[in-house]
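Structure file data-v2.pdb (PDB, C-alpha atoms) follows.
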ATOM      1  CA  MET A  15     144.172 127.120 134.135
ATOM      2  CA  SER A  16     140.965 126.431 135.998
ATOM      3  CA  ALA A  17     140.665 127.654 139.558
ATOM      4  CA  THR A  18     140.093 124.065 140.632
ATOM      5  CA  LEU A  19     143.325 122.777 139.114
ATOM      6  CA  ASP A  20     145.205 125.729 140.610
ATOM      7  CA  ASP A  21     143.744 124.857 144.026
ATOM      8  CA  ASP A  22     144.461 121.163 143.466
ATOM      9  CA  VAL A  23     148.148 121.871 142.870
ATOM     10  CA  PHE A  24     148.329 124.054 145.971
ATOM     11  CA  ASP A  25     146.457 121.477 148.096
ATOM     12  CA  LEU A  26     148.669 118.633 146.877
ATOM     13  CA  ALA A  27     151.772 120.607 147.834
ATOM     14  CA  VAL A  28     150.444 121.460 151.313
ATOM     15  CA  ARG A  29     149.259 117.924 151.955
ATOM     16  CA  THR A  30     152.591 116.461 150.920
ATOM     17  CA  LEU A  31     154.336 118.947 153.185
ATOM     18  CA  ASN A  32     152.130 117.905 156.096
ATOM     19  CA  TYR A  33     152.901 114.249 155.434
ATOM     20  CA  ALA A  34     156.609 115.142 155.557
ATOM     21  CA  ILE A  35     156.006 116.915 158.882
ATOM     22  CA  GLU A  36     154.104 113.910 160.227
ATOM     23  CA  PHE A  37     157.177 111.727 159.761
ATOM     24  CA  ALA A  38     159.822 114.316 160.665
ATOM     25  CA  ASN A  39     160.422 112.939 164.128
ATOM     26  CA  THR A  40     160.292 109.274 163.278
ATOM     27  CA  GLY A  41     163.212 107.117 162.221
ATOM     28  CA  GLY A  42     163.765 106.284 158.585
ATOM     29  CA  TYR A  43     163.640 108.341 155.452
ATOM     30  CA  ALA A  44     159.896 108.903 154.965
ATOM     31  CA  SER A  45     160.040 112.620 155.771
ATOM     32  CA  LEU A  46     163.085 113.149 153.597
ATOM     33  CA  ARG A  47     161.489 111.340 150.652
ATOM     34  CA  LEU A  48     158.190 113.193 151.005
ATOM     35  CA  THR A  49     160.069 116.485 151.036
ATOM     36  CA  ASP A  50     161.761 115.376 147.805
ATOM     37  CA  ILE A  51     158.332 114.691 146.313
ATOM     38  CA  LEU A  52     157.180 118.127 147.439
ATOM     39  CA  GLY A  53     160.171 119.659 145.642
ATOM     40  CA  GLY A  54     159.151 117.696 142.542
ATOM     41  CA  ILE A  55     155.535 118.876 142.744
ATOM     42  CA  LEU A  56     156.712 122.474 143.055
ATOM     43  CA  GLY A  57     159.024 121.964 140.065
ATOM     44  CA  VAL A  58     156.142 120.690 137.944
ATOM     45  CA  ALA A  59     153.870 123.513 139.165
ATOM     46  CA  LEU A  60     156.436 126.065 138.070
ATOM     47  CA  GLN A  61     156.326 124.656 134.555
ATOM     48  CA  MET A  62     152.535 124.778 134.321
ATOM     49  CA  GLU A  63     151.130 127.718 132.419
ATOM     50  CA  GLY A  64     148.846 130.089 134.268
ATOM     51  CA  VAL A  65     149.461 128.546 137.670
ATOM     52  CA  SER A  66     149.292 130.946 140.640
ATOM     53  CA  HIS A  67     151.587 131.176 143.659
ATOM     54  CA  LYS A  68     154.726 130.849 141.510
ATOM     55  CA  GLU A  69     156.791 133.104 143.720
ATOM     56  CA  LEU A  70     155.978 130.927 146.731
ATOM     57  CA  TYR A  71     156.658 127.711 144.825
ATOM     58  CA  ARG A  72     159.991 129.017 143.549
ATOM     59  CA  GLU A  73     161.132 130.107 146.996
ATOM     60  CA  ALA A  74     159.977 126.889 148.677
ATOM     61  CA  LYS A  75     161.660 124.768 145.984
ATOM     62  CA  GLU A  76     164.929 126.643 146.423
ATOM     63  CA  ARG A  77     164.796 126.179 150.166
ATOM     64  CA  ILE A  78     164.143 122.454 149.744
ATOM     65  CA  GLU A  79     167.093 122.114 147.385
ATOM     66  CA  GLU A  80     169.375 123.977 149.793
ATOM     67  CA  ARG A  81     168.270 122.141 152.932
ATOM     68  CA  ASP A  82     170.588 120.094 155.097
ATOM     69  CA  LEU A  83     169.824 116.498 154.176
ATOM     70  CA  LEU A  84     171.457 115.217 157.344
ATOM     71  CA  ALA A  85     169.484 117.468 159.688
ATOM     72  CA  GLY A  86     168.140 115.840 162.873
ATOM     73  CA  GLY A  87     164.449 115.507 163.673
ATOM     74  CA  GLU A  88     164.115 118.790 165.530
ATOM     75  CA  GLU A  89     165.934 120.811 162.897
ATOM     76  CA  LYS A  90     163.995 119.055 160.147
ATOM     77  CA  SER A  91     160.689 119.840 161.908
ATOM     78  CA  LYS A  92     161.635 123.500 162.250
ATOM     79  CA  PHE A  93     162.525 123.741 158.577
ATOM     80  CA  LEU A  94     159.286 122.058 157.478
ATOM     81  CA  ASP A  95     157.205 124.177 159.874
ATOM     82  CA  GLU A  96     158.713 127.310 158.323
ATOM     83  CA  LEU A  97     157.735 126.049 154.877
ATOM     84  CA  LEU A  98     154.197 125.362 156.124
ATOM     85  CA  MET A  99     153.896 128.880 157.517
ATOM     86  CA  MET A 100     154.861 130.228 154.071
ATOM     87  CA  PHE A 101     152.052 128.215 152.483
ATOM     88  CA  ILE A 102     149.486 129.267 155.102
ATOM     89  CA  GLU A 103     150.427 132.938 154.686
ATOM     90  CA  GLU A 104     149.952 132.548 150.944
ATOM     91  CA  TRP A 105     146.582 130.813 151.425
ATOM     92  CA  ARG A 106     145.417 133.634 153.657
ATOM     93  CA  LYS A 107     146.089 136.291 150.976
TER
ATOM     94  CA  MET B   3     117.079  95.509 180.347
ATOM     95  CA  ARG B   4     113.884  97.515 180.874
ATOM     96  CA  HIS B   5     115.659  99.617 183.496
ATOM     97  CA  VAL B   6     118.433 100.424 181.052
ATOM     98  CA  ARG B   7     115.909 101.469 178.427
ATOM     99  CA  LYS B   8     114.082 103.665 180.949
ATOM    100  CA  LEU B   9     117.300 105.290 182.096
ATOM    101  CA  THR B  10     118.328 105.844 178.489
ATOM    102  CA  LEU B  11     115.126 107.663 177.729
ATOM    103  CA  GLN B  12     115.415 109.732 180.897
ATOM    104  CA  ILE B  13     118.906 110.847 179.914
ATOM    105  CA  GLU B  14     117.777 111.745 176.412
ATOM    106  CA  ASN B  15     114.810 113.683 177.685
ATOM    107  CA  LEU B  16     116.836 115.500 180.286
ATOM    108  CA  PHE B  17     119.677 116.625 178.091
ATOM    109  CA  MET B  18     118.537 116.572 174.531
ATOM    110  CA  PRO B  19     114.779 117.013 174.243
ATOM    111  CA  LYS B  20     114.919 118.086 170.596
ATOM    112  CA  LEU B  21     117.179 115.212 169.748
ATOM    113  CA  SER B  22     114.922 112.823 171.580
ATOM    114  CA  GLN B  23     111.953 113.990 169.518
ATOM    115  CA  ARG B  24     113.875 113.338 166.338
ATOM    116  CA  LEU B  25     115.041 109.898 167.400
ATOM    117  CA  GLY B  26     111.663 108.245 167.176
ATOM    118  CA  VAL B  27     112.246 104.573 167.813
ATOM    119  CA  MET B  28     116.026 104.803 167.954
ATOM    120  CA  SER B  29     117.240 104.381 171.505
ATOM    121  CA  LEU B  30     120.568 105.550 172.797
ATOM    122  CA  LEU B  31     121.801 101.967 172.902
ATOM    123  CA  GLU B  32     120.790 101.453 169.276
ATOM    124  CA  ILE B  33     122.663 104.620 168.359
ATOM    125  CA  ILE B  34     125.767 103.377 170.142
ATOM    126  CA  LYS B  35     125.521  99.989 168.472
ATOM    127  CA  THR B  36     125.011 101.320 164.945
ATOM    128  CA  ARG B  37     127.441 104.264 164.922
ATOM    129  CA  ARG B  38     130.267 103.888 162.445
ATOM    130  CA  SER B  39     133.191 106.098 161.490
ATOM    131  CA  ILE B  40     131.923 107.764 158.335
ATOM    132  CA  ARG B  41     134.212 108.784 155.479
ATOM    133  CA  SER B  42     131.638 109.026 152.695
ATOM    134  CA  PHE B  43     129.376 112.067 152.748
ATOM    135  CA  LEU B  44     126.551 113.628 150.739
ATOM    136  CA  ASP B  45     127.352 116.933 149.065
ATOM    137  CA  LYS B  46     124.740 118.718 151.128
ATOM    138  CA  PRO B  47     125.204 121.702 153.444
ATOM    139  CA  LEU B  48     124.544 121.079 157.115
ATOM    140  CA  SER B  49     121.583 122.647 158.851
ATOM    141  CA  ASN B  50     122.605 124.975 161.666
ATOM    142  CA  ASP B  51     119.935 123.399 163.843
ATOM    143  CA  ASP B  52     121.512 119.950 163.493
ATOM    144  CA  VAL B  53     125.022 121.228 164.102
ATOM    145  CA  ILE B  54     124.005 123.212 167.169
ATOM    146  CA  GLN B  55     122.346 120.146 168.667
ATOM    147  CA  ILE B  56     125.467 118.113 167.971
ATOM    148  CA  LEU B  57     127.706 120.721 169.575
ATOM    149  CA  ASP B  58     125.331 120.961 172.521
ATOM    150  CA  ALA B  59     125.775 117.225 173.063
ATOM    151  CA  GLY B  60     129.523 117.866 173.207
ATOM    152  CA  ARG B  61     129.038 120.714 175.648
ATOM    153  CA  LEU B  62     127.102 118.458 178.015
ATOM    154  CA  ALA B  63     129.812 115.778 178.272
ATOM    155  CA  PRO B  64     131.246 115.048 181.708
ATOM    156  CA  SER B  65     134.554 116.637 182.654
ATOM    157  CA  GLY B  66     136.941 116.243 185.579
ATOM    158  CA  PHE B  67     136.275 118.844 188.302
ATOM    159  CA  ASN B  68     133.683 120.253 185.894
ATOM    160  CA  ARG B  69     136.509 122.205 184.276
ATOM    161  CA  GLN B  70     134.987 121.933 180.794
ATOM    162  CA  PRO B  71     138.410 122.612 179.289
ATOM    163  CA  TRP B  72     137.229 122.116 175.721
ATOM    164  CA  ARG B  73     136.688 124.784 173.111
ATOM    165  CA  PHE B  74     135.102 123.720 169.826
ATOM    166  CA  ILE B  75     135.737 125.359 166.482
ATOM    167  CA  TYR B  76     133.058 124.596 163.920
ATOM    168  CA  VAL B  77     134.507 124.865 160.436
ATOM    169  CA  ASN B  78     132.003 125.271 157.598
ATOM    170  CA  ASP B  79     133.800 127.740 155.317
ATOM    171  CA  PRO B  80     134.979 125.616 152.351
ATOM    172  CA  LYS B  81     138.215 127.609 152.080
ATOM    173  CA  VAL B  82     139.104 127.021 155.751
ATOM    174  CA  LEU B  83     137.907 123.405 155.655
ATOM    175  CA  ARG B  84     140.163 122.780 152.657
ATOM    176  CA  MET B  85     143.180 123.951 154.624
ATOM    177  CA  VAL B  86     142.188 122.030 157.777
ATOM    178  CA  LYS B  87     142.014 118.950 155.587
ATOM    179  CA  ASN B  88     145.382 119.722 153.991
ATOM    180  CA  CYS B  89     146.892 119.918 157.472
ATOM    181  CA  SER B  90     145.291 116.637 158.578
ATOM    182  CA  PRO B  91     146.829 113.575 156.900
ATOM    183  CA  GLY B  92     144.206 111.393 158.589
ATOM    184  CA  PHE B  93     141.254 113.322 157.123
ATOM    185  CA  TYR B  94     139.594 111.098 154.512
ATOM    186  CA  GLY B  95     136.413 111.759 152.540
ATOM    187  CA  ASP B  96     134.667 114.868 151.326
ATOM    188  CA  ALA B  97     133.127 116.058 154.560
ATOM    189  CA  VAL B  98     131.320 119.373 154.210
ATOM    190  CA  ALA B  99     132.321 120.538 157.675
ATOM    191  CA  ALA B 100     134.490 119.733 160.655
ATOM    192  CA  ILE B 101     134.563 120.315 164.371
ATOM    193  CA  VAL B 102     137.992 120.877 165.849
ATOM    194  CA  VAL B 103     138.038 120.014 169.538
ATOM    195  CA  GLY B 104     140.767 121.595 171.614
ATOM    196  CA  ILE B 105     141.747 122.170 175.201
ATOM    197  CA  GLU B 106     142.067 125.711 176.427
ATOM    198  CA  GLU B 107     144.413 126.193 179.354
ATOM    199  CA  ARG B 108     143.116 128.925 181.588
ATOM    200  CA  LYS B 109     145.403 131.841 182.226
ATOM    201  CA  ASP B 110     144.247 132.858 185.687
ATOM    202  CA  ALA B 111     146.289 131.612 188.649
ATOM    203  CA  PHE B 112     143.483 129.663 190.332
ATOM    204  CA  GLU B 113     142.656 127.695 187.231
ATOM    205  CA  ARG B 114     146.327 127.106 186.476
ATOM    206  CA  GLU B 115     146.786 125.677 189.946
ATOM    207  CA  ARG B 116     143.684 123.538 189.616
ATOM    208  CA  SER B 117     144.789 122.324 186.194
ATOM    209  CA  ARG B 118     148.133 121.270 187.607
ATOM    210  CA  ALA B 119     146.366 118.632 189.672
ATOM    211  CA  PHE B 120     145.218 117.041 186.443
ATOM    212  CA  HIS B 121     148.662 116.760 184.922
ATOM    213  CA  ARG B 122     150.454 113.459 185.260
ATOM    214  CA  GLU B 123     154.190 113.040 184.872
ATOM    215  CA  ASN B 124     155.101 114.403 181.469
ATOM    216  CA  ARG B 125     151.843 113.236 179.978
ATOM    217  CA  GLY B 126     150.163 116.614 179.858
ATOM    218  CA  ASP B 127     146.610 117.255 180.903
ATOM    219  CA  MET B 128     145.491 113.612 180.980
ATOM    220  CA  ILE B 129     142.089 114.338 182.458
ATOM    221  CA  GLY B 130     141.547 117.118 179.929
ATOM    222  CA  ILE B 131     142.325 114.661 177.150
ATOM    223  CA  LEU B 132     139.785 112.219 178.580
ATOM    224  CA  ASP B 133     137.237 115.049 178.800
ATOM    225  CA  VAL B 134     137.765 115.787 175.125
ATOM    226  CA  GLY B 135     137.224 112.101 174.391
ATOM    227  CA  PHE B 136     133.882 112.166 176.218
ATOM    228  CA  ALA B 137     132.829 115.275 174.306
ATOM    229  CA  ALA B 138     133.921 113.786 170.980
ATOM    230  CA  GLU B 139     131.911 110.621 171.588
ATOM    231  CA  ASN B 140     128.832 112.676 172.472
ATOM    232  CA  ILE B 141     129.316 114.639 169.258
ATOM    233  CA  LEU B 142     129.654 111.507 167.125
ATOM    234  CA  LEU B 143     126.639 109.821 168.729
ATOM    235  CA  ALA B 144     124.458 112.919 168.393
ATOM    236  CA  ALA B 145     125.545 113.268 164.764
ATOM    237  CA  HIS B 146     124.597 109.663 164.058
ATOM    238  CA  ALA B 147     121.246 110.095 165.782
ATOM    239  CA  LEU B 148     120.477 113.005 163.449
ATOM    240  CA  GLY B 149     121.471 111.181 160.271
ATOM    241  CA  LEU B 150     124.908 112.712 160.047
ATOM    242  CA  GLY B 151     128.220 110.997 160.338
ATOM    243  CA  GLY B 152     131.788 111.783 161.108
ATOM    244  CA  CYS B 153     135.153 110.438 161.965
ATOM    245  CA  ALA B 154     137.480 111.390 164.807
ATOM    246  CA  ILE B 155     140.862 112.261 163.358
ATOM    247  CA  ALA B 156     143.962 112.375 165.541
ATOM    248  CA  SER B 157     146.470 112.619 162.693
ATOM    249  CA  PHE B 158     146.800 116.347 162.068
ATOM    250  CA  ASN B 159     149.495 118.979 162.196
ATOM    251  CA  GLU B 160     148.947 120.890 165.408
ATOM    252  CA  LEU B 161     150.908 123.957 164.391
ATOM    253  CA  GLY B 162     149.206 124.104 161.002
ATOM    254  CA  ILE B 163     145.716 123.766 162.488
ATOM    255  CA  LYS B 164     146.460 126.493 165.043
ATOM    256  CA  LYS B 165     147.740 128.855 162.388
ATOM    257  CA  VAL B 166     144.850 128.209 159.988
ATOM    258  CA  LEU B 167     142.238 128.682 162.724
ATOM    259  CA  LYS B 168     144.016 131.706 164.265
ATOM    260  CA  THR B 169     143.913 130.204 167.737
ATOM    261  CA  PRO B 170     145.497 131.656 170.869
ATOM    262  CA  GLU B 171     148.671 130.099 172.295
ATOM    263  CA  ASN B 172     146.828 128.469 175.205
ATOM    264  CA  TRP B 173     144.428 126.518 172.953
ATOM    265  CA  ARG B 174     145.626 123.116 171.791
ATOM    266  CA  PRO B 175     143.817 121.040 169.169
ATOM    267  CA  MET B 176     143.181 117.465 170.297
ATOM    268  CA  LEU B 177     140.862 116.046 167.670
ATOM    269  CA  VAL B 178     139.471 116.975 164.293
ATOM    270  CA  ILE B 179     136.009 115.530 163.655
ATOM    271  CA  SER B 180     134.867 115.392 160.041
ATOM    272  CA  LEU B 181     131.146 115.966 159.628
ATOM    273  CA  GLY B 182     128.487 115.587 156.965
ATOM    274  CA  TYR B 183     125.297 113.774 156.070
ATOM    275  CA  THR B 184     126.102 110.105 155.751
ATOM    276  CA  LYS B 185     126.292 108.685 152.231
ATOM    277  CA  GLU B 186     127.777 105.259 152.762
ATOM    278  CA  VAL B 187     128.178 103.303 155.961
ATOM    279  CA  SER B 188     131.253 101.133 156.200
ATOM    280  CA  LYS B 189     131.133  97.554 157.421
ATOM    281  CA  ILE B 190     131.607  96.875 161.110
ATOM    282  CA  PRO B 191     135.202  95.775 161.647
ATOM    283  CA  PRO B 192     135.847  92.710 163.796
ATOM    284  CA  LYS B 193     135.130  93.508 167.428
ATOM    285  CA  LYS B 194     136.466  91.635 170.400
ATOM    286  CA  THR B 195     133.887  89.656 172.330
ATOM    287  CA  LEU B 196     132.796  90.716 175.815
ATOM    288  CA  SER B 197     134.668  87.820 177.379
ATOM    289  CA  ASP B 198     137.824  88.851 175.495
ATOM    290  CA  ILE B 199     137.944  92.161 177.324
ATOM    291  CA  ILE B 200     135.997  91.831 180.569
ATOM    292  CA  TYR B 201     137.075  90.020 183.732
ATOM    293  CA  ILE B 202     135.272  89.700 187.006
ATOM    294  CA  ASN B 203     136.725  90.698 190.351
ATOM    295  CA  GLU B 204     140.306  90.079 189.295
ATOM    296  CA  TYR B 205     142.326  90.396 186.134
ATOM    297  CA  GLY B 206     142.043  87.333 183.924
ATOM    298  CA  LYS B 207     139.111  85.743 185.785
ATOM    299  CA  ARG B 208     136.351  84.887 183.351
ATOM    300  CA  TRP B 209     132.745  85.878 183.995
ATOM    301  CA  ASP B 210     130.456  82.996 183.051
ATOM    302  CA  ALA B 211     127.505  85.305 182.403
ATOM    303  CA  LEU B 212     129.341  86.714 179.401
ATOM    304  CA  GLU B 213     129.672  83.385 177.647
ATOM    305  CA  GLU B 214     126.027  83.347 176.582
ATOM    306  CA  CYS B 215     126.360  86.876 175.140
ATOM    307  CA  ASN B 216     129.187  85.928 172.760
TER
END

Rendering of file as structure tokens:
Amino acid sequence: MSATLDDDVFDLAVRTLNYAIEFANTGGYASLRLTDILGGILGVALQMEGVSHKELYREAKERIEERDLLAGGEEKSKFLDELLMMFIEEWRK
Amino acid sequence: MRHVRKLTLQIENLFMPKLSQRLGVMSLLEIIKTRRSIRSFLDKPLSNDDVIQILDAGRLAPSGFNRQPWRFIYVNDPKVLRMVKNCSPGFYGDAVAAIVVGIEERKDAFERERSRAFHRENRGDMIGILDVGFAAENILLAAHALGLGGCAIASFNELGIKKVLKTPENWRPMLVISLGYTKEVSKIPPKKTLSDIIYINEYGKRWDALEECN
């Protein structure tokens, strides 16, 4: 696994998460769908050989799968912000 | 027109002598007219001298009550820039740097009281936001004058940016400005004519002098 591809996977996950946050307080399902895509990206990343950050990806994926799909905007924002903090902590390591 | 040109040169000479020397034949009005939002950049590191001049142009922007509420964070570390970009859905193009413009609310009682005067019903520090806009425009114009380009980005995750840049609680990001040496200049989008947007003496009253400019 090249460092670039490893970074690309991480960046794609964080960017998708930020898109989900951007739409968290708007009507419609955009945030929900983007969070689904994020879960999918993390699932694929976990299957890739040699990819870093697997512990983070596993934990984030589990939290996405267990989330309350009917959560309101504020609760959804809080949940997504917590996920983002996990990614930023990992990036800082 | 000659008066405008003279005033332009006076302003440049007063505030940005180095910039003025670099401009050559490019006047401030030409810079304003040719500036574009740039999203295509050369893969070339920025010179500190250029960036400092650009930031100095931001520093010299007007601000209400001369509060100068802005604090600028220049991001040139690729690792940090990567994360700023990840947290900014509106950040397009491979800029080699960014300037994050934020408002810092002062903690001391006098400044807090003075700041309160600038807050309008539930709209936050409106004057501070305008100040940041002035500074951002100065930054973008100075960048263009020096052969750089950038784009003001308002679509970013505030919490993410704050966490990535390790900012204090009382600093709030308002704009992310991508920065780099210009590679491609985009086409000018359709602009409204002067008579579309300017009235004389009362709303809706057309100014004949504008007709010949359209």

Tell me, counting only C-alpha atoms, for each residue of chain B within 10 Å of chain A, which pair of atoms is nearest and how far apart they are in Å to one decimal, in rows ordered by chain and increasing number, as CSV.
residue,atom,partner,partner_atom,distance
B:Lys81,CA,A:Trp105,CA,9.0
B:Val82,CA,A:Arg106,CA,9.4
B:Arg84,CA,A:Asp25,CA,7.9
B:Met85,CA,A:Asp25,CA,7.7
B:Lys87,CA,A:Arg29,CA,8.2
B:Asn88,CA,A:Arg29,CA,4.7
B:Cys89,CA,A:Asn32,CA,5.8
B:Ser90,CA,A:Asn32,CA,7.4
B:Pro91,CA,A:Tyr33,CA,6.3
B:Gly92,CA,A:Tyr33,CA,9.7
B:Ser157,CA,A:Glu36,CA,8.1
B:Phe158,CA,A:Glu36,CA,7.9
B:Asn159,CA,A:Asn32,CA,6.7
B:Leu161,CA,A:Asp95,CA,7.8
B:Gly162,CA,A:Leu98,CA,7.1
B:Ile163,CA,A:Ile102,CA,10.0
B:Lys165,CA,A:Ile102,CA,7.5
B:Val166,CA,A:Ile102,CA,6.8

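The space separating atom CA of B:Ser65 from atom CA of B:Ala137 comes to 8.6 Å.
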
Residues matched by the PyMOL selection byres ((chain B and resi 59) around 8), written as a short mmCIF file (atom, residue, chain, number, x, y, z; two decimals) with C-alpha atoms, in the coordinates of the input:
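out-v8.cif, freshly written:
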data_model
loop_
_atom_site.label_atom_id
_atom_site.label_comp_id
_atom_site.auth_asym_id
_atom_site.auth_seq_id
_atom_site.Cartn_x
_atom_site.Cartn_y
_atom_site.Cartn_z
CA PHE B 17 119.68 116.62 178.09
CA MET B 18 118.54 116.57 174.53
CA GLN B 55 122.35 120.15 168.67
CA ILE B 56 125.47 118.11 167.97
CA LEU B 57 127.71 120.72 169.58
CA ASP B 58 125.33 120.96 172.52
CA GLY B 60 129.52 117.87 173.21
CA ARG B 61 129.04 120.71 175.65
CA LEU B 62 127.10 118.46 178.02
CA ALA B 63 129.81 115.78 178.27
CA ALA B 137 132.83 115.28 174.31
CA ASN B 140 128.83 112.68 172.47
CA ILE B 141 129.32 114.64 169.26
CA ALA B 144 124.46 112.92 168.39
#

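This file gives the following result for the PyMOL selection byres ((chain A and resi 61-70) around 8): A:Met15, A:Asp20, A:Gly57, A:Val58, A:Ala59, A:Leu60, A:Tyr71, A:Arg72, A:Glu73, A:Ala74, A:Met100, A:Phe101, A:Glu104.
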
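As for atom CA of A:Asp22 and atom CA of B:Leu177, they are spaced 25.0 Å apart.
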
Exercise. Residues at most 9 Å from B:Ser39, counting all atoms listed in the file, excluding those fewer than 2 positions away in the same chain, as a PyMOL selection string?
Worked result: chain B and resi 37+41+142+151-154+187-188

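Atom CA of A:Glu79 is positioned 19.7 Å from atom CA of A:Gly42.
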
I would like the residues chosen by the PyMOL selection byres ((chain B and resi 95) around 7) on the shown file; could you give them as a CSV table (one decimal) with C-alpha atoms, in the coordinates of the input?
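What follows is the written file expr-v1.csv:
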chain,number,residue,atom,x,y,z
B,41,ARG,CA,134.2,108.8,155.5
B,42,SER,CA,131.6,109.0,152.7
B,93,PHE,CA,141.3,113.3,157.1
B,94,TYR,CA,139.6,111.1,154.5
B,96,ASP,CA,134.7,114.9,151.3
B,97,ALA,CA,133.1,116.1,154.6

Problem set entry | Protein/DNA/RNA residues near (165.4, 121.5, 148.7), cut 10 Å, only C-alpha atoms, as a list in words | Leu46, Thr49, Asp50, Leu52, Gly53, Gly54, Glu73, Ala74, Lys75, Glu76, Arg77, Ile78, Glu79, Glu80, Arg81, Asp82 and Leu83 of chain A

Problem set entry | Radius query 12 Å about (138.0, 111.5, 173.8), atoms used: only C-alpha atoms, as a PyMOL selection string | chain B and resi 60+63-65+72+103-105+128-142+154-156+176-179

How would the residues just picked look written out with C-alpha atoms as a PDB file, keeping the file's coordinate frame?
ATOM      1  CA  GLY B  60     129.523 117.866 173.207  1.00  0.00           C
ATOM      2  CA  ALA B  63     129.812 115.778 178.272  1.00  0.00           C
ATOM      3  CA  PRO B  64     131.246 115.048 181.708  1.00  0.00           C
ATOM      4  CA  SER B  65     134.554 116.637 182.654  1.00  0.00           C
ATOM      5  CA  TRP B  72     137.229 122.116 175.721  1.00  0.00           C
ATOM      6  CA  VAL B 103     138.038 120.014 169.538  1.00  0.00           C
ATOM      7  CA  GLY B 104     140.767 121.595 171.614  1.00  0.00           C
ATOM      8  CA  ILE B 105     141.747 122.170 175.201  1.00  0.00           C
ATOM      9  CA  MET B 128     145.491 113.612 180.980  1.00  0.00           C
ATOM     10  CA  ILE B 129     142.089 114.338 182.458  1.00  0.00           C
ATOM     11  CA  GLY B 130     141.547 117.118 179.929  1.00  0.00           C
ATOM     12  CA  ILE B 131     142.325 114.661 177.150  1.00  0.00           C
ATOM     13  CA  LEU B 132     139.785 112.219 178.580  1.00  0.00           C
ATOM     14  CA  ASP B 133     137.237 115.049 178.800  1.00  0.00           C
ATOM     15  CA  VAL B 134     137.765 115.787 175.125  1.00  0.00           C
ATOM     16  CA  GLY B 135     137.224 112.101 174.391  1.00  0.00           C
ATOM     17  CA  PHE B 136     133.882 112.166 176.218  1.00  0.00           C
ATOM     18  CA  ALA B 137     132.829 115.275 174.306  1.00  0.00           C
ATOM     19  CA  ALA B 138     133.921 113.786 170.980  1.00  0.00           C
ATOM     20  CA  GLU B 139     131.911 110.621 171.588  1.00  0.00           C
ATOM     21  CA  ASN B 140     128.832 112.676 172.472  1.00  0.00           C
ATOM     22  CA  ILE B 141     129.316 114.639 169.258  1.00  0.00           C
ATOM     23  CA  LEU B 142     129.654 111.507 167.125  1.00  0.00           C
ATOM     24  CA  ALA B 154     137.480 111.390 164.807  1.00  0.00           C
ATOM     25  CA  ILE B 155     140.862 112.261 163.358  1.00  0.00           C
ATOM     26  CA  ALA B 156     143.962 112.375 165.541  1.00  0.00           C
ATOM     27  CA  MET B 176     143.181 117.465 170.297  1.00  0.00           C
ATOM     28  CA  LEU B 177     140.862 116.046 167.670  1.00  0.00           C
ATOM     29  CA  VAL B 178     139.471 116.975 164.293  1.00  0.00           C
ATOM     30  CA  ILE B 179     136.009 115.530 163.655  1.00  0.00           C
TER      31      ILE B 179
END

Kindly compute an axis-aligned box around the listed atoms of stretch 199-202 of chain B, allowing 5 Å on each side, and express its centre and edge lengths in Å to one decimal as JSON.
{"center_x": 136.6, "center_y": 90.9, "center_z": 182.2, "size_x": 12.7, "size_y": 12.5, "size_z": 19.7}

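Among the candidate residues A:Leu97, A:Ile55, A:Val23, A:Gly87, the one lying nearest to A:Gly41 is A:Gly87, with distances computed using only C-alpha atoms.
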
Problem set entry | Residue nearest B:Leu83 among B:Arg208, B:Val98, B:Ile40, B:Lys189 (counting all atoms listed in the file) | B:Val98
